[in-house]
>>> print(open('protein_21.cif').read())   # mmCIF, C-alpha atoms
data_my_file
loop_
_atom_site.label_atom_id
_atom_site.label_comp_id
_atom_site.auth_asym_id
_atom_site.auth_seq_id
_atom_site.Cartn_x
_atom_site.Cartn_y
_atom_site.Cartn_z
CA MET A 19 22.75 -23.82 18.06
CA PRO A 20 19.43 -25.18 16.76
CA ASP A 21 18.74 -28.64 15.36
CA VAL A 22 19.40 -29.09 11.66
CA TYR A 23 16.37 -30.00 9.54
CA ALA A 24 16.32 -31.67 6.13
CA THR A 25 15.55 -28.47 4.21
CA ASP A 26 17.81 -26.18 6.24
CA PRO A 27 20.63 -24.66 4.24
CA VAL A 28 23.89 -25.50 6.03
CA LYS A 29 26.19 -23.80 3.49
CA VAL A 30 25.54 -21.06 0.96
CA GLU A 31 27.89 -19.32 -1.48
CA PRO A 32 27.14 -16.78 -4.20
CA ARG A 33 27.84 -17.82 -7.77
CA GLU A 34 27.75 -16.10 -11.16
CA GLY A 35 24.66 -14.09 -12.01
CA TYR A 36 21.90 -14.61 -9.48
CA SER A 37 22.89 -18.14 -8.55
CA LEU A 38 23.74 -19.68 -5.19
CA TYR A 39 25.54 -22.88 -4.31
CA VAL A 40 23.56 -24.43 -1.44
CA GLU A 41 24.06 -27.47 0.79
CA PHE A 42 21.07 -28.68 2.79
CA GLY A 43 20.76 -30.61 6.02
CA ASP A 44 19.73 -33.81 4.22
CA GLY A 45 22.86 -33.75 2.01
CA THR A 46 21.17 -32.31 -1.08
CA THR A 47 23.55 -29.89 -2.85
CA GLY A 48 23.59 -27.85 -6.00
CA VAL A 49 23.48 -24.49 -7.68
CA VAL A 50 20.11 -22.76 -7.71
CA ASP A 51 19.37 -19.97 -10.20
CA LEU A 52 17.33 -17.21 -8.58
CA SER A 53 17.30 -14.90 -11.60
CA PHE A 54 13.51 -15.33 -11.80
CA LEU A 55 13.33 -13.23 -8.61
CA ALA A 56 15.85 -10.57 -9.65
CA GLY A 57 13.39 -8.36 -11.53
CA GLY A 58 11.03 -8.05 -8.57
CA GLU A 59 10.89 -4.91 -6.48
CA ALA A 60 11.74 -6.79 -3.28
CA PHE A 61 14.98 -8.04 -4.85
CA ALA A 62 16.11 -4.71 -6.35
CA GLY A 63 19.08 -4.68 -3.96
CA TRP A 64 20.62 -7.55 -5.88
CA LYS A 65 21.60 -5.08 -8.62
CA ASP A 66 24.45 -4.22 -6.25
CA ARG A 67 26.71 -7.26 -6.67
CA GLU A 68 28.31 -6.73 -3.27
CA TYR A 69 24.88 -6.94 -1.64
CA PHE A 70 24.04 -10.16 -3.51
CA GLU A 71 27.36 -11.65 -2.45
CA SER A 72 26.62 -10.83 1.21
CA VAL A 73 24.25 -13.83 1.33
CA HIS A 74 24.51 -15.87 4.53
CA ILE A 75 22.54 -18.33 6.61
CA THR A 76 20.36 -16.70 9.25
CA SER A 77 21.62 -16.85 12.82
CA GLY A 78 18.75 -19.15 13.80
CA GLY A 79 19.27 -21.34 10.75
CA GLY A 80 16.65 -22.42 8.26
CA ASP A 81 16.82 -19.46 5.88
CA VAL A 82 19.32 -17.44 3.88
CA GLU A 83 19.38 -13.68 3.94
CA TRP A 84 21.00 -10.64 2.45
CA GLY A 85 21.68 -7.84 4.91
CA ASN A 86 19.03 -7.81 7.60
CA ASP A 87 16.11 -7.14 5.32
CA LEU A 88 15.78 -9.84 2.66
CA ARG A 89 15.28 -13.57 3.25
CA ARG A 90 14.45 -16.70 1.31
CA SER A 91 13.29 -19.69 3.29
CA GLY A 92 15.25 -22.92 3.20
CA TYR A 93 12.28 -24.93 1.98
CA ALA A 94 11.69 -22.45 -0.88
CA LEU A 95 15.35 -22.77 -1.89
CA TYR A 96 15.03 -26.56 -1.64
CA ILE A 97 12.07 -26.43 -4.02
CA ASP A 98 13.95 -24.02 -6.32
CA LEU A 99 16.86 -26.45 -6.50
CA THR A 100 15.10 -29.81 -6.66
CA GLY A 101 12.00 -28.85 -8.62
CA LEU A 102 9.94 -31.00 -6.24
CA PRO A 103 6.39 -29.87 -5.53
CA TRP A 104 5.85 -28.27 -2.13
CA GLU A 105 3.58 -31.17 -1.14
CA GLU A 106 6.64 -33.45 -1.23
CA VAL A 107 9.00 -30.97 0.42
CA TRP A 108 6.77 -29.73 3.23
CA PRO A 109 6.90 -32.99 5.28
CA ARG A 110 10.72 -32.73 5.25
CA VAL A 111 10.66 -29.30 6.88
CA ASP A 112 10.20 -30.88 10.33
CA GLN A 113 12.52 -33.84 9.72
CA VAL A 114 15.49 -33.45 12.09
CA VAL A 115 18.66 -34.77 10.47
CA ALA A 116 21.13 -33.64 13.13
CA VAL A 117 20.78 -32.64 16.76
CA VAL A 118 23.31 -30.00 17.63
#
>>> encode(input="protein_21.cif", output="structure tokens")
Amino acid sequence: MPDVYATDPVKVEPREGYSLYVEFGDGTTGVVDLSFLAGGEAFAGWKDREYFESVHITSGGGDVEWGNDLRRSGYALYIDLTGLPWEEVWPRVDQVVAVV
């Protein structure tokens, strides 16, 4: 199992609409609304609720994915949740918070 980094999702659960509950390696938690992505062509599969609810953390960690064909990076989710600018989040991407 890989190291856990600050912006790695360590738990993800689907919620109402196009929202996810996410816990990150640095302890940050919350519900992130991804409805702003739902209208895009790449996210058309989300119209199938079962597909949206299939969300899981990638086997290598660091991202979440639906099926084997749609991913959102952990640091993008972290930005979605916290509202922090990427310039503040990017240095955390390589910050190891747990060695597994």
>>> residues_around(input="protein_21.cif", residues="Ala56 of chain A", least_positions_apart="5", cutoff="9 Å", atoms="only C-alpha atoms", output="number ranges by chain")
A: 36, 61-65
>>> atom_distance(input="protein_21.cif", atom1="atom CA of Gln113 of chain A", atom2="atom CA of Pro32 of chain A")
26.4 Å
>>> resolve_selection(input="protein_21.cif", expression="the PyMOL selection byres ((chain A and resi 47) around 12)", output="PDB file with C-alpha atoms, in the coordinates of the input")
ATOM      1  CA  ALA A  24      16.320 -31.670   6.130  1.00  0.00           C
ATOM      2  CA  THR A  25      15.550 -28.470   4.210  1.00  0.00           C
ATOM      3  CA  ASP A  26      17.810 -26.180   6.240  1.00  0.00           C
ATOM      4  CA  PRO A  27      20.630 -24.660   4.240  1.00  0.00           C
ATOM      5  CA  VAL A  28      23.890 -25.500   6.030  1.00  0.00           C
ATOM      6  CA  LYS A  29      26.190 -23.800   3.490  1.00  0.00           C
ATOM      7  CA  VAL A  30      25.540 -21.060   0.960  1.00  0.00           C
ATOM      8  CA  GLU A  31      27.890 -19.320  -1.480  1.00  0.00           C
ATOM      9  CA  LEU A  38      23.740 -19.680  -5.190  1.00  0.00           C
ATOM     10  CA  TYR A  39      25.540 -22.880  -4.310  1.00  0.00           C
ATOM     11  CA  VAL A  40      23.560 -24.430  -1.440  1.00  0.00           C
ATOM     12  CA  GLU A  41      24.060 -27.470   0.790  1.00  0.00           C
ATOM     13  CA  PHE A  42      21.070 -28.680   2.790  1.00  0.00           C
ATOM     14  CA  GLY A  43      20.760 -30.610   6.020  1.00  0.00           C
ATOM     15  CA  ASP A  44      19.730 -33.810   4.220  1.00  0.00           C
ATOM     16  CA  GLY A  45      22.860 -33.750   2.010  1.00  0.00           C
ATOM     17  CA  THR A  46      21.170 -32.310  -1.080  1.00  0.00           C
ATOM     18  CA  GLY A  48      23.590 -27.850  -6.000  1.00  0.00           C
ATOM     19  CA  VAL A  49      23.480 -24.490  -7.680  1.00  0.00           C
ATOM     20  CA  VAL A  50      20.110 -22.760  -7.710  1.00  0.00           C
ATOM     21  CA  LEU A  95      15.350 -22.770  -1.890  1.00  0.00           C
ATOM     22  CA  TYR A  96      15.030 -26.560  -1.640  1.00  0.00           C
ATOM     23  CA  ASP A  98      13.950 -24.020  -6.320  1.00  0.00           C
ATOM     24  CA  LEU A  99      16.860 -26.450  -6.500  1.00  0.00           C
ATOM     25  CA  THR A 100      15.100 -29.810  -6.660  1.00  0.00           C
TER      26      THR A 100
END
>>> resolve_selection(input="protein_21.cif", expression="the PyMOL selection byres ((chain A and resi 85) around 8)", output="list in words")
Tyr69, Ser72, Val73, Glu83, Trp84, Asn86, Asp87 and Leu88 of chain A
>>> axis_aligned_box(input="protein_21.cif", around="segment 70-89 of chain A", padding_each_side="3 Å", output="JSON")
{"center_x": 21.3, "center_y": -14.8, "center_z": 5.1, "size_x": 18.1, "size_y": 21.3, "size_z": 23.3}
>>> atom_distance(input="protein_21.cif", atom1="atom CA of Thr76 of chain A", atom2="atom CA of Asp51 of chain A")
19.7 Å
>>> atom_distance(input="protein_21.cif", atom1="atom CA of Trp108 of chain A", atom2="atom CA of Gly80 of chain A")
13.3 Å
>>> closest_residue(input="protein_21.cif", among="A:Ser91, A:Arg33, A:Val107, A:Asp21", to="Phe70 of chain A", atoms="only C-alpha atoms")
A:Arg33
>>> closest_residue(input="protein_21.cif", among="A:Asp66, A:Val22, A:Val115, A:Leu52", to="Ile97 of chain A", atoms="all atoms listed in the file")
A:Leu52
>>> closest_residue(input="protein_21.cif", among="A:Ser53, A:Ser77, A:Arg90, A:Tyr23", to="Pro109 of chain A", atoms="all atoms listed in the file")
A:Tyr23
>>> decode(input="protein_21.cif", residues="segment 75-117 of chain A", atoms="N, CA and C atoms", output="compact mmCIF listing (two decimals), in the first residue's frame")
# COMPACT_ATOMS: atom_id res chain seq x y z
N ILE A 75 -12.04 4.95 -4.16
CA ILE A 75 -10.67 5.43 -4.23
C ILE A 75 -9.89 4.50 -5.15
N THR A 76 -9.05 5.08 -5.99
CA THR A 76 -8.26 4.27 -6.91
C THR A 76 -7.36 3.30 -6.15
N SER A 77 -7.02 2.20 -6.79
CA SER A 77 -6.21 1.17 -6.12
C SER A 77 -4.85 1.70 -5.69
N GLY A 78 -4.30 2.65 -6.42
CA GLY A 78 -3.01 3.24 -6.04
C GLY A 78 -3.15 4.40 -5.08
N GLY A 79 -4.39 4.78 -4.77
CA GLY A 79 -4.63 5.92 -3.90
C GLY A 79 -4.45 7.23 -4.64
N GLY A 80 -4.87 8.30 -4.01
CA GLY A 80 -4.64 9.64 -4.56
C GLY A 80 -5.77 10.22 -5.37
N ASP A 81 -6.64 9.38 -5.93
CA ASP A 81 -7.74 9.85 -6.76
C ASP A 81 -9.00 9.08 -6.40
N VAL A 82 -10.14 9.60 -6.87
CA VAL A 82 -11.38 8.82 -6.82
C VAL A 82 -11.78 8.53 -8.26
N GLU A 83 -12.52 7.45 -8.44
CA GLU A 83 -12.94 7.10 -9.78
C GLU A 83 -14.29 6.43 -9.77
N TRP A 84 -14.90 6.48 -10.94
CA TRP A 84 -16.16 5.81 -11.20
C TRP A 84 -15.88 4.83 -12.32
N GLY A 85 -16.21 3.56 -12.09
CA GLY A 85 -15.87 2.54 -13.08
C GLY A 85 -14.37 2.51 -13.25
N ASN A 86 -13.93 2.29 -14.46
CA ASN A 86 -12.51 2.31 -14.77
C ASN A 86 -12.17 3.44 -15.73
N ASP A 87 -13.12 4.35 -15.93
CA ASP A 87 -12.93 5.31 -17.00
C ASP A 87 -13.08 6.78 -16.62
N LEU A 88 -13.42 7.07 -15.37
CA LEU A 88 -13.61 8.47 -14.98
C LEU A 88 -12.98 8.71 -13.62
N ARG A 89 -12.06 9.68 -13.56
CA ARG A 89 -11.34 9.99 -12.32
C ARG A 89 -11.41 11.47 -12.00
N ARG A 90 -11.27 11.78 -10.73
CA ARG A 90 -11.04 13.15 -10.27
C ARG A 90 -9.89 13.05 -9.29
N SER A 91 -8.89 13.88 -9.49
CA SER A 91 -7.71 13.81 -8.64
C SER A 91 -8.03 14.26 -7.22
N GLY A 92 -7.27 13.72 -6.28
CA GLY A 92 -7.45 14.09 -4.88
C GLY A 92 -7.23 15.57 -4.65
N TYR A 93 -6.21 16.15 -5.28
CA TYR A 93 -5.95 17.57 -5.03
C TYR A 93 -7.06 18.44 -5.63
N ALA A 94 -7.66 18.01 -6.74
CA ALA A 94 -8.80 18.77 -7.29
C ALA A 94 -9.99 18.69 -6.34
N LEU A 95 -10.26 17.51 -5.79
CA LEU A 95 -11.33 17.38 -4.81
C LEU A 95 -11.06 18.23 -3.57
N TYR A 96 -9.80 18.25 -3.16
CA TYR A 96 -9.40 19.05 -1.99
C TYR A 96 -9.70 20.53 -2.25
N ILE A 97 -9.37 20.99 -3.44
CA ILE A 97 -9.67 22.37 -3.82
C ILE A 97 -11.18 22.59 -3.88
N ASP A 98 -11.91 21.64 -4.48
CA ASP A 98 -13.37 21.74 -4.55
C ASP A 98 -13.97 21.90 -3.16
N LEU A 99 -13.46 21.14 -2.21
CA LEU A 99 -14.00 21.16 -0.85
C LEU A 99 -13.59 22.40 -0.07
N THR A 100 -12.31 22.72 -0.09
CA THR A 100 -11.80 23.79 0.77
C THR A 100 -11.93 25.17 0.17
N GLY A 101 -11.99 25.25 -1.16
CA GLY A 101 -12.02 26.55 -1.82
C GLY A 101 -10.67 27.24 -1.84
N LEU A 102 -9.63 26.55 -1.38
CA LEU A 102 -8.28 27.12 -1.39
C LEU A 102 -7.76 27.23 -2.82
N PRO A 103 -6.95 28.22 -3.11
CA PRO A 103 -6.36 28.29 -4.46
C PRO A 103 -5.33 27.18 -4.64
N TRP A 104 -5.15 26.76 -5.89
CA TRP A 104 -4.23 25.65 -6.14
C TRP A 104 -2.81 25.95 -5.67
N GLU A 105 -2.43 27.24 -5.66
CA GLU A 105 -1.08 27.60 -5.22
C GLU A 105 -0.85 27.22 -3.75
N GLU A 106 -1.93 27.22 -2.96
CA GLU A 106 -1.81 26.80 -1.55
C GLU A 106 -1.90 25.29 -1.39
N VAL A 107 -2.65 24.66 -2.26
CA VAL A 107 -2.86 23.21 -2.15
C VAL A 107 -1.70 22.43 -2.74
N TRP A 108 -1.16 22.89 -3.84
CA TRP A 108 -0.13 22.12 -4.55
C TRP A 108 1.04 21.70 -3.66
N PRO A 109 1.58 22.55 -2.78
CA PRO A 109 2.69 22.08 -1.92
C PRO A 109 2.30 20.93 -1.00
N ARG A 110 1.02 20.77 -0.71
CA ARG A 110 0.55 19.70 0.17
C ARG A 110 0.49 18.35 -0.54
N VAL A 111 0.49 18.38 -1.87
CA VAL A 111 0.35 17.15 -2.65
C VAL A 111 1.47 16.17 -2.30
N ASP A 112 2.67 16.67 -2.05
CA ASP A 112 3.81 15.80 -1.74
C ASP A 112 4.10 15.67 -0.25
N GLN A 113 3.20 16.16 0.58
CA GLN A 113 3.39 16.09 2.03
C GLN A 113 2.88 14.75 2.56
N VAL A 114 3.80 13.87 2.93
CA VAL A 114 3.42 12.55 3.45
C VAL A 114 2.89 12.75 4.87
N VAL A 115 1.69 12.21 5.12
CA VAL A 115 1.10 12.30 6.46
C VAL A 115 1.05 10.94 7.15
N ALA A 116 1.26 9.88 6.39
CA ALA A 116 1.31 8.54 6.97
C ALA A 116 2.11 7.62 6.06
N VAL A 117 3.00 6.87 6.64
CA VAL A 117 3.77 5.88 5.88
C VAL A 117 3.14 4.53 6.17
